[in-house]
$ cat coords-v1.csv   # CSV, C-alpha atoms and all ligand atoms
chain,number,residue,atom,x,y,z
A,1,MET,CA,34.9,111.5,96.4
A,2,LYS,CA,38.2,113.4,96.2
A,3,GLN,CA,39.3,111.9,99.6
A,4,ASP,CA,38.5,108.4,98.2
A,5,GLY,CA,40.7,109.2,95.2
A,6,VAL,CA,43.6,110.2,97.3
A,7,LYS,CA,43.2,107.2,99.5
A,8,THR,CA,43.1,104.8,96.5
A,9,MET,CA,46.3,106.4,95.1
A,10,ASN,CA,48.1,106.1,98.4
A,11,GLU,CA,47.1,102.5,98.7
A,12,LYS,CA,48.4,101.8,95.2
A,13,GLN,CA,51.7,103.4,96.3
A,14,GLY,CA,52.0,101.0,99.2
A,15,GLY,CA,50.3,102.7,102.2
A,16,THR,CA,47.0,103.8,103.5
A,17,GLN,CA,46.4,107.3,104.6
A,18,SER,CA,46.2,106.3,108.3
A,19,ALA,CA,49.5,104.4,108.0
A,20,ILE,CA,51.2,107.3,106.5
A,21,GLU,CA,49.9,109.6,109.2
A,22,MET,CA,51.1,107.2,111.9
A,23,ALA,CA,54.6,107.0,110.2
A,24,ARG,CA,54.8,110.8,110.1
A,25,ARG,CA,53.9,111.0,113.7
A,26,ILE,CA,56.4,108.4,114.8
A,27,LEU,CA,59.1,110.2,112.9
A,28,SER,CA,58.3,113.8,113.9
A,29,GLU,CA,57.7,113.0,117.6
A,30,TYR,CA,60.8,110.9,118.1
A,31,ASP,CA,63.0,112.3,120.9
A,32,GLY,CA,65.1,109.3,121.8
A,33,LYS,CA,68.8,108.6,121.3
A,34,PRO,CA,70.4,109.7,118.0
A,35,ILE,CA,69.9,107.3,115.1
A,36,ARG,CA,72.0,107.3,111.9
A,37,ILE,CA,70.3,105.7,108.9
A,38,MET,CA,72.2,105.1,105.7
A,39,GLU,CA,70.2,105.2,102.5
A,40,VAL,CA,72.4,102.8,100.5
A,41,CYS,CA,70.7,103.5,97.2
A,42,GLY,CA,71.1,106.7,95.2
A,43,THR,CA,67.4,106.6,94.1
A,44,HIS,CA,66.4,106.6,97.8
A,45,THR,CA,68.6,109.6,98.4
A,46,HIS,CA,67.0,111.5,95.6
A,47,GLU,CA,63.4,110.5,96.4
A,48,ILE,CA,63.8,111.3,100.1
A,49,PHE,CA,65.0,114.8,99.1
A,50,ARG,CA,62.5,115.2,96.3
A,51,GLN,CA,59.5,114.3,98.5
A,52,GLY,CA,60.6,116.6,101.3
A,53,ILE,CA,60.9,113.7,103.7
A,54,ARG,CA,64.2,115.0,105.3
A,55,SER,CA,62.3,118.1,106.5
A,56,LEU,CA,60.0,115.8,108.6
A,57,LEU,CA,62.8,114.2,110.5
A,58,PRO,CA,63.8,115.4,114.0
A,59,GLU,CA,67.5,116.4,114.6
A,60,ASN,CA,68.3,113.1,116.3
A,61,VAL,CA,67.4,111.1,113.1
A,62,GLN,CA,70.3,111.6,110.7
A,63,LEU,CA,70.2,110.3,107.1
A,64,ILE,CA,73.6,109.4,105.6
A,65,SER,CA,74.0,108.8,101.9
A,66,GLY,CA,75.8,105.6,101.0
A,67,PRO,CA,77.6,103.9,98.1
A,68,GLY,CA,74.6,102.8,96.1
A,69,CYS,CA,75.0,104.9,93.0
A,70,PRO,CA,76.6,102.7,90.2
A,71,VAL,CA,78.1,105.6,88.3
A,72,CYS,CA,79.6,107.1,91.5
A,73,VAL,CA,81.4,104.0,92.7
A,74,THR,CA,82.8,103.2,89.2
A,75,PRO,CA,86.5,104.0,89.6
A,76,VAL,CA,88.5,106.5,87.6
A,77,SER,CA,90.6,103.6,86.0
A,78,PHE,CA,87.4,102.3,84.4
A,79,ILE,CA,86.8,105.6,82.6
A,80,ASP,CA,90.5,105.5,81.6
A,81,GLU,CA,90.0,102.0,80.1
A,82,ALA,CA,86.9,103.2,78.2
A,83,VAL,CA,88.8,106.2,76.8
A,84,MET,CA,91.7,103.9,75.7
A,85,LEU,CA,89.3,101.6,74.0
A,86,ALA,CA,87.7,104.5,72.1
A,87,LEU,CA,90.8,106.4,71.1
A,88,GLU,CA,93.5,103.7,70.8
A,89,LYS,CA,91.5,100.6,69.9
A,90,ASP,CA,89.0,102.4,67.7
A,91,CYS,CA,86.0,100.9,69.5
A,92,THR,CA,82.5,102.4,69.5
A,93,ILE,CA,81.6,102.9,73.2
A,94,CYS,CA,77.9,102.3,74.1
A,95,THR,CA,77.0,103.6,77.5
A,96,PHE,CA,74.4,104.9,79.9
A,97,GLY,CA,74.4,108.7,79.6
A,98,ASP,CA,75.7,109.6,83.0
A,99,LEU,CA,79.1,107.9,82.4
A,100,VAL,CA,79.9,110.2,79.5
A,101,ARG,CA,80.7,113.2,81.7
A,102,VAL,CA,82.4,111.3,84.5
A,103,PRO,CA,86.0,112.5,84.8
A,104,GLY,CA,88.8,109.9,84.3
A,105,SER,CA,92.4,110.6,85.2
A,106,SER,CA,92.9,113.0,82.4
A,107,SER,CA,89.8,112.8,80.2
A,108,SER,CA,86.2,112.0,80.2
A,109,LEU,CA,84.4,110.2,77.3
A,110,GLN,CA,82.9,113.6,76.5
A,111,LEU,CA,86.3,115.1,76.0
A,112,ALA,CA,87.4,112.0,74.0
A,113,ARG,CA,84.5,112.6,71.7
A,114,GLY,CA,86.1,115.9,70.8
A,115,LYS,CA,89.2,113.9,69.7
A,116,GLY,CA,87.1,111.7,67.4
A,117,ALA,CA,86.0,108.9,69.8
A,118,LYS,CA,82.7,107.3,68.9
A,119,VAL,CA,80.5,107.3,72.1
A,120,LYS,CA,76.9,106.4,71.8
A,121,VAL,CA,74.3,106.7,74.6
A,122,VAL,CA,72.0,103.7,75.0
A,123,TYR,CA,69.2,102.9,77.4
A,124,SER,CA,69.9,99.2,77.9
A,125,PRO,CA,72.6,96.6,77.2
A,126,LEU,CA,70.3,95.1,74.6
A,127,ASP,CA,70.3,98.5,72.7
A,128,ALA,CA,74.1,98.2,72.5
A,129,GLU,CA,73.8,94.6,71.2
A,130,ASP,CA,71.3,95.9,68.6
A,131,TYR,CA,73.7,98.6,67.6
A,132,ALA,CA,76.5,96.0,67.2
A,133,ARG,CA,74.3,93.8,65.0
A,134,GLU,CA,73.3,96.7,62.8
A,135,HIS,CA,76.9,98.0,62.5
A,136,PRO,CA,79.1,94.9,61.8
A,137,GLU,CA,81.9,97.2,60.5
A,138,GLU,CA,82.3,98.6,64.1
A,139,GLN,CA,83.8,97.0,67.2
A,140,VAL,CA,81.2,97.8,69.9
A,141,VAL,CA,81.9,97.8,73.7
A,142,PHE,CA,79.2,98.3,76.2
A,143,LEU,CA,80.2,99.8,79.5
A,144,SER,CA,78.7,97.3,81.9
A,145,VAL,CA,78.3,99.1,85.3
A,146,GLY,CA,75.7,98.7,88.0
A,147,PHE,CA,74.5,96.5,90.8
A,148,GLU,CA,72.6,93.2,91.1
A,149,THR,CA,69.7,94.9,89.3
A,150,THR,CA,71.5,95.7,86.0
A,151,THR,CA,73.9,92.8,85.8
A,152,PRO,CA,71.2,90.3,84.6
A,153,SER,CA,70.4,92.5,81.6
A,154,CYS,CA,74.1,92.7,80.7
A,155,CYS,CA,74.2,88.9,80.7
A,156,VAL,CA,71.1,88.8,78.6
A,157,ALA,CA,72.9,91.0,76.0
A,158,VAL,CA,75.8,88.6,75.9
A,159,GLN,CA,73.4,85.7,75.5
A,160,LYS,CA,71.7,87.5,72.6
A,161,ALA,CA,75.1,88.3,71.0
A,162,GLU,CA,76.0,84.6,71.2
A,163,GLU,CA,72.7,83.7,69.6
A,164,ASP,CA,73.2,86.3,66.8
A,165,GLY,CA,76.8,85.1,66.3
A,166,LEU,CA,78.3,88.5,66.8
A,167,SER,CA,82.0,88.9,67.0
A,168,ASN,CA,82.0,92.7,67.3
A,169,PHE,CA,80.3,93.0,70.7
A,170,SER,CA,81.9,92.9,74.1
A,171,LEU,CA,81.4,94.2,77.7
A,172,LEU,CA,83.8,96.3,79.7
A,173,THR,CA,82.7,95.2,83.2
A,174,ALA,CA,82.6,97.1,86.4
A,175,ASN,CA,79.5,95.4,87.9
A,176,LYS,CA,79.3,95.5,91.6
A,177,THR,CA,77.6,93.5,94.3
A,178,MET,CA,76.3,95.0,97.6
A,179,PRO,CA,77.2,92.6,100.5
A,180,ALA,CA,80.9,93.7,100.6
A,181,ALA,CA,79.8,97.3,100.7
A,182,TYR,CA,77.2,96.6,103.5
A,183,ASN,CA,80.1,95.1,105.5
A,184,ALA,CA,82.5,98.0,104.7
A,185,MET,CA,80.0,100.6,105.9
A,186,MET,CA,78.8,99.1,109.1
A,187,ASP,CA,80.7,101.5,111.3
A,188,SER,CA,79.1,104.6,109.6
A,189,THR,CA,75.5,103.8,110.5
A,190,ASP,CA,73.1,102.3,113.0
A,191,ALA,CA,70.7,100.9,110.3
A,192,TYR,CA,70.5,100.4,106.6
A,193,LEU,CA,67.7,101.4,104.3
A,194,TYR,CA,68.2,98.5,102.0
A,195,PRO,CA,67.7,99.1,98.3
A,196,GLY,CA,64.3,97.6,97.3
A,197,HIS,CA,65.3,96.8,93.7
A,198,VAL,CA,68.5,95.0,94.6
A,199,CYS,CA,66.5,92.9,97.2
A,200,ALA,CA,63.9,92.2,94.5
A,201,VAL,CA,66.6,90.3,92.6
A,202,MET,CA,68.7,88.9,95.5
A,203,GLY,CA,66.0,88.3,98.1
A,204,THR,CA,66.5,89.1,101.8
A,205,LYS,CA,69.3,86.6,102.5
A,206,ASP,CA,72.1,89.3,102.4
A,207,CYS,CA,70.1,91.5,104.8
A,208,ARG,CA,69.5,88.6,107.2
A,209,ASP,CA,73.2,87.8,107.1
A,210,MET,CA,73.9,91.4,108.1
A,211,LEU,CA,71.4,90.9,111.0
A,212,GLU,CA,73.4,88.0,112.2
A,213,LYS,CA,76.4,90.3,112.4
A,214,GLY,CA,74.4,92.7,114.5
A,215,MET,CA,73.4,95.1,111.8
A,216,SER,CA,69.9,96.5,111.6
A,217,GLY,CA,68.0,97.5,108.5
A,218,VAL,CA,64.8,97.5,106.6
A,219,VAL,CA,64.1,97.0,102.9
A,220,ALA,CA,62.4,100.0,101.5
A,221,GLY,CA,60.3,100.8,98.4
A,222,PHE,CA,60.5,104.1,96.6
A,223,THR,CA,57.1,105.9,97.0
A,224,PRO,CA,56.6,108.5,99.8
A,225,PRO,CA,54.4,106.2,101.8
A,226,GLU,CA,56.9,103.3,101.5
A,227,LEU,CA,59.8,105.5,102.5
A,228,LEU,CA,58.0,107.1,105.4
A,229,THR,CA,56.9,103.7,106.6
A,230,ALA,CA,60.4,102.2,106.3
A,231,LEU,CA,62.0,105.1,108.3
A,232,ALA,CA,59.3,105.0,110.9
A,233,VAL,CA,59.9,101.2,111.4
A,234,ILE,CA,63.6,101.9,111.9
A,235,VAL,CA,62.9,104.5,114.5
A,236,LYS,CA,60.3,102.4,116.3
A,237,LYS,CA,62.4,99.1,116.2
A,238,SER,CA,65.6,101.0,117.3
A,239,GLN,CA,63.9,101.7,120.6
A,240,GLU,CA,63.7,98.0,121.4
A,241,GLY,CA,67.5,98.0,121.8
A,242,LYS,CA,68.3,95.0,119.7
A,243,PRO,CA,69.2,94.4,116.0
A,244,PHE,CA,66.3,94.0,113.7
A,245,PHE,CA,65.4,93.3,110.0
A,246,VAL,CA,62.1,94.1,108.4
A,247,ASN,CA,61.0,93.8,104.8
A,248,CYS,CA,58.9,96.9,104.3
A,249,TYR,CA,58.6,96.4,100.6
A,250,PRO,CA,56.7,93.0,100.5
A,251,ARG,CA,54.6,93.9,97.5
A,252,VAL,CA,57.9,93.6,95.4
A,253,VAL,CA,60.5,91.8,97.5
A,254,ARG,CA,60.2,88.1,98.3
A,255,ASP,CA,62.6,86.2,100.5
A,256,GLU,CA,63.9,84.2,97.5
A,257,GLY,CA,64.2,87.2,95.2
A,258,SER,CA,64.3,86.4,91.5
A,259,PRO,CA,66.0,83.0,90.9
A,260,ASP,CA,65.7,83.5,87.1
A,261,ALA,CA,67.7,86.8,87.2
A,262,ARG,CA,70.4,85.2,89.3
A,263,ALA,CA,70.5,82.1,87.1
A,264,ILE,CA,71.5,84.0,84.0
A,265,VAL,CA,74.2,85.9,86.0
A,266,ASP,CA,75.5,82.6,87.3
A,267,LYS,CA,75.7,81.2,83.8
A,268,TYR,CA,77.8,84.1,82.3
A,269,MET,CA,79.6,85.8,85.3
A,270,GLU,CA,81.7,85.0,88.3
A,271,SER,CA,82.6,87.0,91.4
A,272,CYS,CA,85.8,89.0,91.5
A,273,ASP,CA,87.6,91.6,93.6
A,274,SER,CA,86.5,95.1,92.5
A,275,ARG,CA,87.7,98.6,93.0
A,276,TRP,CA,85.2,101.2,94.3
A,277,ARG,CA,85.8,104.9,93.7
A,278,GLY,CA,87.3,106.4,96.8
A,279,ILE,CA,86.8,103.3,98.8
A,280,GLY,CA,89.4,101.1,97.1
A,281,MET,CA,89.6,97.3,96.4
A,282,LEU,CA,86.8,95.3,98.1
A,283,PRO,CA,87.3,91.5,97.9
A,284,ASP,CA,84.4,89.6,96.1
A,285,SER,CA,82.5,92.8,95.5
A,286,GLY,CA,82.3,92.7,91.7
A,287,MET,CA,81.3,90.5,88.8
A,288,LYS,CA,83.2,89.7,85.6
A,289,LEU,CA,82.6,87.4,82.6
A,290,LYS,CA,83.7,83.8,83.1
A,291,PRO,CA,86.9,82.8,81.1
A,292,GLU,CA,84.8,80.8,78.6
A,293,TYR,CA,83.1,84.0,77.5
A,294,GLY,CA,86.4,85.8,77.0
A,295,ALA,CA,85.4,86.7,73.4
A,296,PHE,CA,82.8,89.1,75.0
A,297,ASP,CA,85.2,90.5,77.6
A,298,ALA,CA,86.7,93.7,76.3
A,299,ARG,CA,89.7,93.5,78.7
A,300,VAL,CA,90.6,90.1,77.3
A,301,LYS,CA,89.7,90.8,73.7
A,302,TYR,CA,91.8,94.0,73.5
A,303,ASP,CA,94.5,92.9,75.9
A,304,LEU,CA,94.0,96.0,78.0
A,305,PRO,CA,96.9,96.9,80.4
A,306,ALA,CA,96.2,97.3,84.1
A,307,ILE,CA,95.5,101.0,84.7
A,308,GLU,CA,96.1,102.8,88.0
A,309,GLY,CA,93.6,105.7,87.8
A,310,LYS,CA,94.4,109.0,89.4
A,311,GLU,CA,91.6,110.5,91.4
A,312,ASN,CA,91.2,114.3,91.6
A,313,LYS,CA,92.6,115.3,95.0
A,314,ALA,CA,90.0,118.1,95.3
A,315,CYS,CA,87.1,115.6,95.2
A,316,ARG,CA,85.8,113.9,98.4
A,317,CYS,CA,83.5,111.4,96.6
A,318,GLY,CA,85.2,108.6,98.4
A,319,GLU,CA,84.2,110.0,101.8
A,320,VAL,CA,80.7,111.0,100.6
A,321,LEU,CA,80.1,107.4,99.4
A,322,GLN,CA,81.1,106.0,102.8
A,323,GLY,CA,79.0,108.5,104.7
A,324,LYS,CA,82.1,110.1,106.3
A,325,CYS,CA,81.3,113.6,105.0
A,326,THR,CA,78.3,115.3,103.5
A,327,PRO,CA,78.6,116.9,100.0
A,328,GLU,CA,78.3,120.3,101.7
A,329,GLN,CA,81.5,119.6,103.6
A,330,CYS,CA,83.5,119.2,100.3
A,331,PRO,CA,85.4,122.5,99.8
A,332,VAL,CA,84.5,122.7,96.1
A,333,TYR,CA,80.8,121.7,96.4
A,334,GLY,CA,78.7,124.3,94.6
A,335,LYS,CA,81.7,126.4,93.7
A,336,GLY,CA,84.2,124.5,91.5
A,337,CYS,CA,81.9,121.5,91.4
A,338,THR,CA,78.3,121.9,90.0
A,339,PRO,CA,76.1,119.6,87.8
A,340,GLU,CA,77.2,121.8,84.8
A,341,HIS,CA,80.9,121.5,85.7
A,342,PRO,CA,81.3,118.4,87.8
A,343,VAL,CA,84.6,117.6,89.5
A,344,GLY,CA,83.5,114.1,90.7
A,345,ALA,CA,81.1,111.3,89.7
A,346,CYS,CA,78.8,112.1,92.7
A,347,MET,CA,77.9,115.4,91.1
A,348,VAL,CA,77.5,114.0,87.5
A,349,SER,CA,75.2,111.1,88.3
A,350,SER,CA,71.4,111.6,88.5
A,351,GLU,CA,71.6,109.2,91.5
A,352,GLY,CA,74.7,110.8,93.1
A,353,ALA,CA,74.5,112.3,96.6
A,354,CYS,CA,76.2,115.5,95.6
A,355,SER,CA,73.8,116.1,92.8
A,356,ALA,CA,70.9,115.4,95.2
A,357,PHE,CA,72.2,118.0,97.7
A,358,TYR,CA,72.8,120.5,94.9
A,359,LEU,CA,69.3,120.0,93.4
A,360,TYR,CA,67.3,119.9,96.6
A,361,ASN,CA,69.2,121.2,99.5
A,362,ARG,CA,70.7,124.5,98.5
A,363,LYS,CA,69.8,127.4,100.7
B,401,LIG,S1,81.0,118.1,95.5
B,401,LIG,FE1,82.1,117.5,93.7
B,401,LIG,S2,84.2,117.4,94.2
B,401,LIG,FE2,83.1,117.4,96.1
B,401,LIG,S3,82.7,115.2,96.6
B,401,LIG,FE3,81.0,115.9,95.5
B,401,LIG,S4,81.5,115.3,93.3
B,401,LIG,FE4,83.4,115.3,94.5

$ encode --input "coords-v1.csv" --output "structure tokens" --more "lines below"
Ligand code: SF4
Amino acid sequence: MKQDGVKTMNEKQGGTQSAIEMARRILSEYDGKPIRIMEVCGTHTHEIFRQGIRSLLPENVQLISGPGCPVCVTPVSFIDEAVMLALEKDCTICTFGDLVRVPGSSSSLQLARGKGAKVKVVYSPLDAEDYAREHPEEQVVFLSVGFETTTPSCCVAVQKAEEDGLSNFSLLTANKTMPAAYNAMMDSTDAYLYPGHVCAVMGTKDCRDMLEKGMSGVVAGFTPPELLTALAVIVKKSQEGKPFFVNCYPRVVRDEGSPDARAIVDKYMESCDSRWRGIGMLPDSGMKLKPEYGAFDARVKYDLPAIEGKENKACRCGEVLQGKCTPEQCPVYGKGCTPEHPVGACMVSSEGACSAFYLYNRK
């Protein structure tokens, strides 16, 4: 009876007991040439650690953390802009919680709070729009960060603000798109563990485009069976000696993705060049509001100057995000930089590689 219960739970999580055992065996018995696998998504990094999956891998299968944590890749200059809006333009900043403690060039939003800045933590862009509607006397700016998964909900908030006739709500955008990052990281890895939730929106076209460039990868879900299966498929297919792509998350990811989510983004936003923390400017890797929605664009509305942020030279987030070093190779990891006293965004964010290593990998 108990065995049936376990089996049913595993099946709900996307894998049968025998499939999980087979995946474990493929991984633990692999003794071929070294394989570097980049888990692009910060949630994958944390789940792989949290479920103990790293300990199942042989030495010749190396996991590399990539640039898929939205808070981590948001550049220093964005925090500087948010602090300027709060302190100099008297705006109320609505943001996801992790961004509050991310250091800017000289201040975080948390420090700005001590100087009188109004910073409110919200759980969705629509919460920020609600707040703006309920506080017409305040100018509310939502910090619009994230990948293809969060951008549609930012556009929904603009649509709602339009419907509600709000003139006190805007977005400070730093939304990112993944394909430019996939291209930029190709030399750091042999195969990508593609983010399941991004592919649920965008479909599998971007992954297939990468396959045409010779880059291997699989789409992975987030449960232990799904992650084990995806890693085992990479190991197995790598032995065939040619590039491959497999959708290992078919219960959620369809080839066409979510056309509705993409349609609302197409209505309100357009592609732009975008700066990634530590990596620099990547052409066509961001999204910004279209000119006709300038009334909802905080940079336009408050005529913000271009800011060149200054990164903390002690922080190696840029290299961590590109898989060029591990958090443990950063000289201040665990000493000057901890989740309580973070030096860089990768230690602040609940999806950051440095926080994952600190939480799960300390000796
Ligand atoms: S350990 Fe801290 S300082 Fe070093 S790369 Fe990570 S976030 Fe930056």

$ residues_near_point --input "coords-v1.csv" --point "(92.5, 103.0, 84.9)" --cutoff "9 Å" --atoms "only C-alpha atoms" --output "compact mmCIF listing (two decimals) with C-alpha atoms, in the coordinates of the input"
# COMPACT_ATOMS: atom_id res chain seq x y z
CA PRO A 75 86.50 104.00 89.60
CA VAL A 76 88.50 106.50 87.60
CA SER A 77 90.60 103.60 86.00
CA PHE A 78 87.40 102.30 84.40
CA ILE A 79 86.80 105.60 82.60
CA ASP A 80 90.50 105.50 81.60
CA GLU A 81 90.00 102.00 80.10
CA ALA A 82 86.90 103.20 78.20
CA GLY A 104 88.80 109.90 84.30
CA SER A 105 92.40 110.60 85.20
CA PRO A 305 96.90 96.90 80.40
CA ALA A 306 96.20 97.30 84.10
CA ILE A 307 95.50 101.00 84.70
CA GLU A 308 96.10 102.80 88.00
CA GLY A 309 93.60 105.70 87.80
CA LYS A 310 94.40 109.00 89.40

$ residues_near_ligand --input "coords-v1.csv" --ligand "ligand LIG 401 (chain B)" --cutoff "6 Å" --atoms "all atoms listed in the file" --output "count of residues only"
15

$ closest_residue --input "coords-v1.csv" --among "A:Ala353, A:Glu256, A:Thr173, A:Ala19" --to "Pro225 of chain A" --atoms "all atoms listed in the file"
A:Ala19

$ atom_distance --input "coords-v1.csv" --atom1 "atom CA of Lys176 of chain A" --atom2 "atom CA of Val40 of chain A"
13.4 Å

$ closest_residue --input "coords-v1.csv" --among "A:Leu109, A:Cys41, A:Met178, A:Leu87" --to "Gly196 of chain A" --atoms "all atoms listed in the file"
A:Cys41

$ atom_distance --input "coords-v1.csv" --atom1 "atom CA of Gly294 of chain A" --atom2 "atom CA of Thr151 of chain A"
16.8 Å

$ build_atoms --input "coords-v1.csv" --residues "segment 244-263 of chain A" --atoms "N, CA and C atoms" --output "PDB file, in the frame of the given file"
ATOM      1  N   PHE A 244      67.571  94.405 114.294  1.00  0.00           N
ATOM      2  CA  PHE A 244      66.300  94.000 113.700  1.00  0.00           C
ATOM      3  C   PHE A 244      66.448  94.013 112.144  1.00  0.00           C
ATOM      4  N   PHE A 245      65.578  93.254 111.492  1.00  0.00           N
ATOM      5  CA  PHE A 245      65.400  93.300 110.000  1.00  0.00           C
ATOM      6  C   PHE A 245      63.963  93.229 109.707  1.00  0.00           C
ATOM      7  N   VAL A 246      63.453  94.130 108.870  1.00  0.00           N
ATOM      8  CA  VAL A 246      62.100  94.100 108.400  1.00  0.00           C
ATOM      9  C   VAL A 246      62.002  94.340 106.939  1.00  0.00           C
ATOM     10  N   ASN A 247      61.253  93.521 106.232  1.00  0.00           N
ATOM     11  CA  ASN A 247      61.000  93.800 104.800  1.00  0.00           C
ATOM     12  C   ASN A 247      59.805  94.694 104.689  1.00  0.00           C
ATOM     13  N   CYS A 248      60.047  95.979 104.455  1.00  0.00           N
ATOM     14  CA  CYS A 248      58.900  96.900 104.300  1.00  0.00           C
ATOM     15  C   CYS A 248      58.531  97.140 102.874  1.00  0.00           C
ATOM     16  N   TYR A 249      58.948  96.241 102.002  1.00  0.00           N
ATOM     17  CA  TYR A 249      58.600  96.400 100.600  1.00  0.00           C
ATOM     18  C   TYR A 249      58.079  95.006 100.072  1.00  0.00           C
ATOM     19  N   PRO A 250      57.149  94.390 100.841  1.00  0.00           N
ATOM     20  CA  PRO A 250      56.700  93.000 100.500  1.00  0.00           C
ATOM     21  C   PRO A 250      55.978  92.890  99.221  1.00  0.00           C
ATOM     22  N   ARG A 251      55.403  94.015  98.720  1.00  0.00           N
ATOM     23  CA  ARG A 251      54.600  93.900  97.500  1.00  0.00           C
ATOM     24  C   ARG A 251      55.586  93.585  96.296  1.00  0.00           C
ATOM     25  N   VAL A 252      56.894  93.820  96.464  1.00  0.00           N
ATOM     26  CA  VAL A 252      57.900  93.600  95.400  1.00  0.00           C
ATOM     27  C   VAL A 252      58.944  92.561  95.805  1.00  0.00           C
ATOM     28  N   VAL A 253      59.375  92.646  97.058  1.00  0.00           N
ATOM     29  CA  VAL A 253      60.500  91.800  97.500  1.00  0.00           C
ATOM     30  C   VAL A 253      60.056  90.551  98.185  1.00  0.00           C
ATOM     31  N   ARG A 254      60.486  89.431  97.631  1.00  0.00           N
ATOM     32  CA  ARG A 254      60.200  88.100  98.300  1.00  0.00           C
ATOM     33  C   ARG A 254      61.530  87.626  98.869  1.00  0.00           C
ATOM     34  N   ASP A 255      61.421  86.773  99.863  1.00  0.00           N
ATOM     35  CA  ASP A 255      62.600  86.200 100.500  1.00  0.00           C
ATOM     36  C   ASP A 255      63.591  85.611  99.496  1.00  0.00           C
ATOM     37  N   GLU A 256      63.000  84.933  98.502  1.00  0.00           N
ATOM     38  CA  GLU A 256      63.900  84.200  97.500  1.00  0.00           C
ATOM     39  C   GLU A 256      64.323  85.087  96.399  1.00  0.00           C
ATOM     40  N   GLY A 257      63.829  86.308  96.283  1.00  0.00           N
ATOM     41  CA  GLY A 257      64.200  87.200  95.200  1.00  0.00           C
ATOM     42  C   GLY A 257      63.809  86.689  93.841  1.00  0.00           C
ATOM     43  N   SER A 258      64.663  86.874  92.852  1.00  0.00           N
ATOM     44  CA  SER A 258      64.300  86.400  91.500  1.00  0.00           C
ATOM     45  C   SER A 258      65.356  85.369  91.060  1.00  0.00           C
ATOM     46  N   PRO A 259      65.039  84.081  91.244  1.00  0.00           N
ATOM     47  CA  PRO A 259      66.000  83.000  90.900  1.00  0.00           C
ATOM     48  C   PRO A 259      66.344  83.084  89.374  1.00  0.00           C
ATOM     49  N   ASP A 260      65.401  83.480  88.500  1.00  0.00           N
ATOM     50  CA  ASP A 260      65.700  83.500  87.100  1.00  0.00           C
ATOM     51  C   ASP A 260      66.785  84.545  86.757  1.00  0.00           C
ATOM     52  N   ALA A 261      66.673  85.724  87.391  1.00  0.00           N
ATOM     53  CA  ALA A 261      67.700  86.800  87.200  1.00  0.00           C
ATOM     54  C   ALA A 261      69.042  86.300  87.641  1.00  0.00           C
ATOM     55  N   ARG A 262      69.059  85.620  88.778  1.00  0.00           N
ATOM     56  CA  ARG A 262      70.400  85.200  89.300  1.00  0.00           C
ATOM     57  C   ARG A 262      70.929  84.025  88.465  1.00  0.00           C
ATOM     58  N   ALA A 263      70.031  83.219  87.871  1.00  0.00           N
ATOM     59  CA  ALA A 263      70.500  82.100  87.100  1.00  0.00           C
ATOM     60  C   ALA A 263      71.283  82.540  85.846  1.00  0.00           C
TER      61      ALA A 263
END
